[in-house]
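Source file: final11.tsv. Holds: TSV, C-alpha atoms.
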```
chain	number	residue	atom	x	y	z
A	192	MET	CA	123.36	97.35	90.44
A	193	LYS	CA	122.13	100.89	90.84
A	194	PRO	CA	118.44	101.52	90.02
A	195	GLY	CA	119.26	104.01	87.26
A	196	LYS	CA	121.67	101.62	85.56
A	197	ALA	CA	119.21	98.75	85.88
A	198	ILE	CA	116.46	100.82	84.22
A	199	ALA	CA	118.83	101.77	81.39
A	200	THR	CA	119.77	98.10	80.90
A	201	LEU	CA	116.12	97.02	80.82
A	202	GLY	CA	115.33	99.83	78.41
A	203	GLY	CA	118.14	98.75	76.08
A	204	ALA	CA	116.97	95.14	76.20
A	205	ALA	CA	113.41	96.24	75.45
A	206	VAL	CA	114.59	98.19	72.41
A	207	ILE	CA	116.49	95.16	71.10
A	208	VAL	CA	113.48	92.87	71.60
A	209	LEU	CA	111.11	95.32	69.91
A	210	THR	CA	113.51	95.77	67.00
A	211	CYS	CA	113.78	92.02	66.48
A	212	ALA	CA	110.00	91.71	66.70
A	213	LEU	CA	109.58	94.47	64.11
A	214	ILE	CA	111.99	92.77	61.73
A	215	CYS	CA	110.28	89.38	62.08
A	216	TRP	CA	106.84	90.94	61.68
A	217	SER	CA	107.95	92.76	58.53
A	218	PHE	CA	109.42	89.62	56.91
A	219	TYR	CA	106.22	87.74	57.74
A	220	GLY	CA	104.06	90.56	56.42
A	221	VAL	CA	105.72	90.59	52.99
A	222	ASP	CA	105.51	86.79	52.79
A	223	PHE	CA	109.27	86.57	52.30
A	224	GLN	CA	110.29	83.11	51.06
A	225	LEU	CA	113.75	81.94	50.01
A	226	GLN	CA	112.12	79.37	47.75
A	227	GLY	CA	110.46	82.14	45.77
A	228	LEU	CA	113.79	83.92	45.38
A	229	SER	CA	115.42	80.78	44.03
A	230	VAL	CA	112.83	80.73	41.25
A	231	GLY	CA	112.54	84.47	40.65
A	232	ILE	CA	116.22	85.40	40.55
A	233	PRO	CA	117.02	83.29	37.43
A	234	LYS	CA	114.02	84.83	35.63
A	235	ALA	CA	115.13	88.33	36.60
A	236	GLY	CA	118.66	87.46	35.50
A	237	ALA	CA	117.37	86.51	32.06
A	238	TYR	CA	115.80	89.97	31.69
A	239	VAL	CA	118.97	91.68	32.93
A	240	ALA	CA	121.05	89.69	30.43
A	241	GLN	CA	118.98	91.22	27.63
A	242	MET	CA	120.18	94.69	28.70
A	243	PHE	CA	123.71	93.88	27.53
A	244	PRO	CA	124.85	93.85	23.88
A	245	ARG	CA	125.42	90.39	22.47
A	246	SER	CA	126.39	91.05	18.86
A	247	ARG	CA	128.05	93.59	16.61
A	248	ALA	CA	124.63	94.78	15.51
A	249	ASP	CA	123.77	95.59	19.14
A	250	PHE	CA	126.91	97.69	19.52
A	251	LEU	CA	126.11	99.52	16.29
A	252	TRP	CA	122.57	100.20	17.52
A	253	ILE	CA	123.92	101.56	20.83
A	254	LYS	CA	126.25	103.91	18.94
A	255	GLN	CA	123.38	105.20	16.85
A	256	PHE	CA	121.08	105.52	19.86
A	257	CYS	CA	123.62	107.44	21.96
A	258	PHE	CA	124.99	109.73	19.26
A	259	GLY	CA	122.25	109.81	16.63
A	260	GLY	CA	122.44	109.16	12.92
A	261	GLY	CA	122.10	105.98	10.98
A	262	GLY	CA	118.32	106.05	10.56
A	263	GLY	CA	115.83	103.70	12.16
A	264	ASP	CA	114.35	104.00	15.61
A	265	ALA	CA	117.74	105.02	17.06
A	266	SER	CA	118.34	107.91	14.67
A	267	THR	CA	117.23	110.67	17.03
A	268	GLY	CA	119.90	109.87	19.63
A	269	ILE	CA	119.78	110.28	23.38
A	270	THR	CA	121.50	113.67	23.65
A	271	GLN	CA	118.36	115.80	23.80
A	272	PRO	CA	116.54	113.67	26.43
A	273	LEU	CA	119.74	113.61	28.51
A	274	LEU	CA	120.02	117.40	28.40
A	275	GLU	CA	116.36	117.72	29.37
A	276	THR	CA	116.93	115.49	32.39
A	277	ILE	CA	119.88	117.61	33.53
A	278	GLN	CA	117.96	120.83	32.95
A	279	MET	CA	114.99	119.66	35.02
A	280	ALA	CA	117.28	118.63	37.88
A	281	VAL	CA	119.18	121.94	37.87
A	282	VAL	CA	116.07	124.12	37.62
A	283	GLY	CA	114.30	122.11	40.31
A	284	THR	CA	117.29	122.39	42.65
A	285	VAL	CA	117.48	126.17	42.16
A	286	LEU	CA	113.72	126.60	42.63
A	287	GLY	CA	113.93	124.68	45.89
A	288	ALA	CA	117.14	126.19	47.27
A	289	ILE	CA	116.27	129.87	46.80
A	290	PRO	CA	113.19	129.97	49.07
A	291	ALA	CA	114.63	127.34	51.42
A	292	PHE	CA	117.54	129.60	52.36
A	293	PRO	CA	115.56	132.42	54.05
A	294	LEU	CA	112.72	130.23	55.32
A	295	SER	CA	115.14	127.87	57.03
A	296	PHE	CA	115.63	130.57	59.68
A	297	ILE	CA	111.99	130.15	60.64
A	298	ALA	CA	112.25	126.36	60.73
A	299	ALA	CA	115.39	126.36	62.88
A	300	ARG	CA	114.67	125.83	66.58
A	301	THR	CA	116.83	128.71	67.82
A	302	ASN	CA	116.22	131.84	69.82
A	303	SER	CA	115.89	133.94	66.66
A	304	PHE	CA	112.20	133.24	66.17
A	305	PHE	CA	109.19	132.42	68.27
A	306	ARG	CA	109.72	128.75	69.15
A	307	PRO	CA	106.12	127.56	68.50
A	308	LEU	CA	106.32	129.14	65.03
A	309	SER	CA	109.47	127.15	64.28
A	310	VAL	CA	107.85	123.94	65.49
A	311	LEU	CA	104.75	124.58	63.36
A	312	PHE	CA	106.77	125.38	60.25
A	313	LYS	CA	108.99	122.33	60.67
A	314	THR	CA	105.88	120.17	61.08
A	315	LEU	CA	104.56	121.51	57.78
A	316	LEU	CA	107.88	120.66	56.17
A	317	ASN	CA	107.64	117.11	57.51
A	318	ILE	CA	104.17	116.82	55.99
A	319	GLY	CA	105.51	118.08	52.68
A	320	ARG	CA	108.39	115.57	52.73
A	321	ALA	CA	105.94	112.73	53.34
A	322	ILE	CA	104.21	113.43	50.02
A	323	PRO	CA	105.88	111.63	47.08
A	324	ILE	CA	107.21	113.82	44.31
A	325	LEU	CA	105.01	111.96	41.83
A	326	VAL	CA	101.96	113.30	43.67
A	327	TYR	CA	103.27	116.84	43.28
A	328	ALA	CA	103.79	116.18	39.57
A	329	MET	CA	100.27	114.82	39.07
A	330	ILE	CA	98.79	117.88	40.78
A	331	ILE	CA	100.91	120.33	38.78
A	332	ILE	CA	100.00	118.56	35.53
A	333	THR	CA	96.41	119.75	35.98
A	334	GLY	CA	97.62	123.35	35.78
A	335	LEU	CA	100.68	123.27	33.54
A	336	GLY	CA	100.04	120.13	31.52
A	337	LEU	CA	102.65	117.57	30.55
A	338	GLY	CA	106.19	118.71	29.92
A	339	LYS	CA	109.59	119.61	31.31
A	340	GLN	CA	108.30	122.62	33.24
A	341	THR	CA	105.96	120.40	35.22
A	342	GLY	CA	108.83	118.11	36.13
A	343	ALA	CA	111.06	121.01	37.15
A	344	VAL	CA	108.39	122.58	39.37
A	345	ALA	CA	107.59	119.24	41.04
A	346	ILE	CA	111.30	118.68	41.69
A	347	GLY	CA	111.52	122.23	43.05
A	348	ILE	CA	108.80	121.57	45.61
A	349	GLY	CA	110.45	118.34	46.71
A	350	SER	CA	113.82	120.08	46.95
A	351	PHE	CA	112.37	122.94	48.98
A	352	VAL	CA	110.86	120.80	51.73
A	353	MET	CA	114.05	118.75	52.01
A	354	LEU	CA	116.59	121.60	51.81
A	355	CYS	CA	114.64	123.83	54.18
A	356	LYS	CA	114.83	121.12	56.84
A	357	LEU	CA	118.53	120.45	56.22
A	358	TYR	CA	119.39	124.14	56.23
A	359	ALA	CA	117.47	124.57	59.49
A	360	GLU	CA	119.34	121.69	61.11
A	361	ALA	CA	122.63	123.30	60.06
A	362	LEU	CA	121.57	126.53	61.75
A	363	GLU	CA	120.63	124.64	64.91
A	364	SER	CA	124.16	123.23	65.13
A	365	VAL	CA	125.87	126.65	65.03
A	366	SER	CA	128.35	127.16	67.87
A	367	PRO	CA	127.26	130.10	70.05
A	368	GLY	CA	130.84	131.21	70.76
A	369	PRO	CA	131.50	133.12	67.50
A	370	VAL	CA	127.98	134.57	67.60
A	371	GLU	CA	128.51	135.99	71.06
A	372	ALA	CA	131.93	137.33	70.05
A	373	VAL	CA	130.53	139.30	67.10
A	374	LYS	CA	127.69	140.63	69.24
A	375	ALA	CA	130.16	141.68	71.93
A	376	ALA	CA	132.11	143.60	69.29
A	377	GLY	CA	128.97	145.56	68.46
A	378	GLY	CA	127.93	143.64	65.36
A	379	ASN	CA	124.34	143.89	64.11
A	380	GLY	CA	122.16	141.00	63.00
A	381	LEU	CA	123.52	140.93	59.45
A	382	GLN	CA	127.12	141.03	60.64
A	383	VAL	CA	126.41	138.23	63.11
A	384	PHE	CA	125.10	136.07	60.29
A	385	VAL	CA	127.87	136.89	57.79
A	386	PHE	CA	130.87	136.66	60.15
A	387	ALA	CA	129.71	134.20	62.82
A	388	MET	CA	127.01	131.93	61.38
A	389	LEU	CA	127.63	131.72	57.64
A	390	PRO	CA	131.20	130.34	57.92
A	391	GLN	CA	129.82	127.54	60.08
A	392	VAL	CA	126.74	126.65	58.02
A	393	PHE	CA	128.06	127.26	54.47
A	394	PRO	CA	129.78	123.84	54.10
A	395	GLY	CA	126.57	122.15	55.25
A	396	TYR	CA	124.44	124.29	52.94
A	397	LEU	CA	126.69	123.50	49.99
A	398	SER	CA	126.81	119.78	50.72
A	399	SER	CA	123.03	119.57	51.14
A	400	THR	CA	122.39	121.47	47.91
A	401	LEU	CA	124.73	119.30	45.85
A	402	TYR	CA	123.27	116.16	47.38
A	403	SER	CA	119.83	117.45	46.44
A	404	LEU	CA	121.03	117.86	42.85
A	405	GLU	CA	122.09	114.21	42.78
A	406	LEU	CA	118.70	113.09	44.07
A	407	ASN	CA	116.93	115.38	41.61
A	408	LEU	CA	118.67	113.71	38.68
A	409	GLN	CA	117.04	110.47	39.75
A	410	ALA	CA	113.74	112.26	40.35
A	411	SER	CA	113.77	113.78	36.87
A	412	PHE	CA	114.42	110.29	35.52
A	413	ILE	CA	111.35	108.99	37.36
A	414	LEU	CA	109.13	111.95	36.47
A	415	GLY	CA	109.75	111.22	32.82
A	416	LEU	CA	107.57	108.17	33.33
A	417	VAL	CA	104.55	110.48	33.84
A	418	GLY	CA	105.23	112.54	30.75
A	419	ALA	CA	107.67	115.15	32.08
A	420	GLY	CA	110.17	114.44	29.33
A	421	GLY	CA	113.83	113.54	29.54
A	422	ILE	CA	115.39	110.10	29.72
A	423	GLY	CA	112.52	108.80	31.84
A	424	PHE	CA	110.12	109.30	28.94
A	425	GLU	CA	112.46	107.29	26.71
A	426	LEU	CA	112.59	104.59	29.40
A	427	GLN	CA	108.80	104.40	29.48
A	428	ASP	CA	108.68	103.74	25.75
A	429	ALA	CA	111.45	101.13	26.00
A	430	LEU	CA	109.68	99.28	28.80
A	431	ARG	CA	106.37	99.36	26.96
A	432	ILE	CA	107.82	97.51	23.97
A	433	TYR	CA	110.20	95.37	26.09
A	434	ASN	CA	113.31	96.79	24.43
A	435	MET	CA	115.62	95.64	27.19
A	436	LEU	CA	118.79	96.70	25.38
A	437	GLU	CA	117.55	100.30	25.32
A	438	VAL	CA	116.56	100.02	28.99
A	439	GLY	CA	120.08	98.89	29.82
A	440	VAL	CA	121.64	101.81	27.93
A	441	LEU	CA	119.36	104.33	29.66
A	442	VAL	CA	120.12	102.93	33.10
A	443	LEU	CA	123.85	102.98	32.33
A	444	VAL	CA	123.61	106.62	31.22
A	445	LEU	CA	121.91	107.54	34.50
A	446	ILE	CA	124.58	105.68	36.51
A	447	ILE	CA	127.36	107.53	34.68
A	448	LEU	CA	125.57	110.87	35.08
A	449	VAL	CA	125.02	110.45	38.82
A	450	ASN	CA	128.65	109.44	39.36
A	451	LEU	CA	129.88	112.46	37.37
A	452	VAL	CA	127.73	114.76	39.48
A	453	ASP	CA	128.98	113.05	42.63
A	454	TYR	CA	132.59	113.64	41.56
A	455	PHE	CA	131.83	117.26	40.69
A	456	SER	CA	130.14	117.72	44.07
A	457	TYR	CA	133.17	116.28	45.83
A	458	ARG	CA	135.55	118.63	44.03
A	459	VAL	CA	133.36	121.64	44.85
A	460	ARG	CA	133.17	120.68	48.53
A	461	VAL	CA	136.97	120.31	48.63
A	462	ILE	CA	137.43	123.78	47.15
A	463	PHE	CA	135.11	125.46	49.68
A	464	SER	CA	135.99	123.36	52.71
```

Can you give me the file's structure in the form of structure tokens?
Amino acid sequence: MKPGKAIATLGGAAVIVLTCALICWSFYGVDFQLQGLSVGIPKAGAYVAQMFPRSRADFLWIKQFCFGGGGGDASTGITQPLLETIQMAVVGTVLGAIPAFPLSFIAARTNSFFRPLSVLFKTLLNIGRAIPILVYAMIIITGLGLGKQTGAVAIGIGSFVMLCKLYAEALESVSPGPVEAVKAAGGNGLQVFVFAMLPQVFPGYLSSTLYSLELNLQASFILGLVGAGGIGFELQDALRIYNMLEVGVLVLVLIILVNLVDYFSYRVRVIFS
């Protein structure tokens, strides 16, 4: 066996051993026990069962809760919190995408900018992505207070650090052939971008932005737990009083919403692909 091939084989074996060791160490660290699961799963199942309607009265309550009317604690309906959740996700996505588009050129490791500057900016983006969106929300609350605007701004910051990195990676994958062709034809920097780079990166930009919108719907749901409004705020109240039927309805609404957005995203990508 050649020395180079032998080193590659040993390296691959070392990676496998280290991966197995990491997995075993992690299971040991969380004190994972199958016996505990056998006891905990039935208890969790009992809670999940309470999320489903079991009588005609439950179905009537769900109708009132989803569409309003009928009086009682379900009279306000879920329409307004649902709209607030969508609004926060959309505003947050737009707030993140707009600055991410131009700044992604700095983050991209290409010949367009000073390479150390790109490395520094991308490092800052990695630091920003490591900070949970709830931390951003708690910081913004001190300035803006509780409310939908706080949730939207926090989502916008999280979207920016993610989209800027994804946009930059799309720019790094641009084929140099079309770029050189436009330059050879006498094209300036703007023409190079519009006719050589944009057709290559636009599908990736669009896909990343729509994926960010899907994630932001979930984020707006979570941020409601810290007072940002929307469905998450309703979920917090339901969990506090152990209204598991309401929890089940809210989770189902989020599942339907995310799947609708996923279908819409797919149709948009097909149109522009």

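With only C-alpha atoms as the atoms that count, the minimum distance from Val444 of chain A to the choices A:Leu335, A:Met279, A:Val239, A:Leu408 is reached by A:Leu408.
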
Among the residues A:Ile446, A:Ala359, A:Ala197, A:Val285, the one that comes closest to Ser309 of chain A [using all atoms listed in the file]: A:Ala359

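The shortest atom-to-atom distance to Ala298 of chain A, with all atoms listed in the file taken into account, belongs to A:Tyr358 out of A:Phe386, A:Tyr358, A:Tyr238, A:Tyr396.
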
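Among the candidates A:Tyr457, A:Phe351, A:Phe312, A:Trp216, the residue lying nearest to Ser403 of chain A is A:Phe351 (atoms considered: all atoms listed in the file).
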
Using only C-alpha atoms: which of A:Val452, A:Thr333, A:Gly203, A:Val370 has the shortest distance to Val385 of chain A: A:Val370

Closest of A:Ile332, A:Ile214, A:Met435, A:Ala343 to Thr276 of chain A - atom-to-atom distances counting only C-alpha atoms: A:Ala343

Residues within 12 Å of Ile447 of chain A, all atoms listed in the file, excluding chain neighbours under 5 positions, as a PyMOL selection string: chain A and resi 273+405+408-409+440-442+452-454

Separation of atom CA of Gly283 of chain A from atom CA of Ala328 of chain A in Å: 12.1 Å

Quick one: everything within 10 Å of Tyr402 of chain A, counting all atoms listed in the file, minus sequence neighbours fewer than 2 positions away in the same chain. Send it as a PDB file with C-alpha atoms, in the frame of the given file.
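File written: selection_37.pdb
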```pdb
ATOM      1  CA  THR A 284     117.290 122.390  42.650  1.00  0.00           C
ATOM      2  CA  LEU A 354     116.590 121.600  51.810  1.00  0.00           C
ATOM      3  CA  TYR A 396     124.440 124.290  52.940  1.00  0.00           C
ATOM      4  CA  LEU A 397     126.690 123.500  49.990  1.00  0.00           C
ATOM      5  CA  SER A 398     126.810 119.780  50.720  1.00  0.00           C
ATOM      6  CA  SER A 399     123.030 119.570  51.140  1.00  0.00           C
ATOM      7  CA  THR A 400     122.390 121.470  47.910  1.00  0.00           C
ATOM      8  CA  LEU A 404     121.030 117.860  42.850  1.00  0.00           C
ATOM      9  CA  GLU A 405     122.090 114.210  42.780  1.00  0.00           C
ATOM     10  CA  LEU A 406     118.700 113.090  44.070  1.00  0.00           C
ATOM     11  CA  ASN A 407     116.930 115.380  41.610  1.00  0.00           C
ATOM     12  CA  VAL A 452     127.730 114.760  39.480  1.00  0.00           C
ATOM     13  CA  ASP A 453     128.980 113.050  42.630  1.00  0.00           C
ATOM     14  CA  SER A 456     130.140 117.720  44.070  1.00  0.00           C
TER      15      SER A 456
END
```

Surrounding residues of Val383 of chain A excluding itself and chain neighbours under 3 positions, 7 Å, all atoms listed in the file, as a ChimeraX atom specification: /A:370,373-374,378-380,386-388

As AutoDock Vina command-line options, please report the centre and edge lengths, rounded to one decimal in Å, of the axis-aligned box that holds all listed atoms of segment 323-337 of chain A with 5 Å of padding on each of the six sides.
```
--center_x 101.8 --center_y 117.5 --center_z 38.8 --size_x 20.8 --size_y 21.7 --size_z 26.5
```
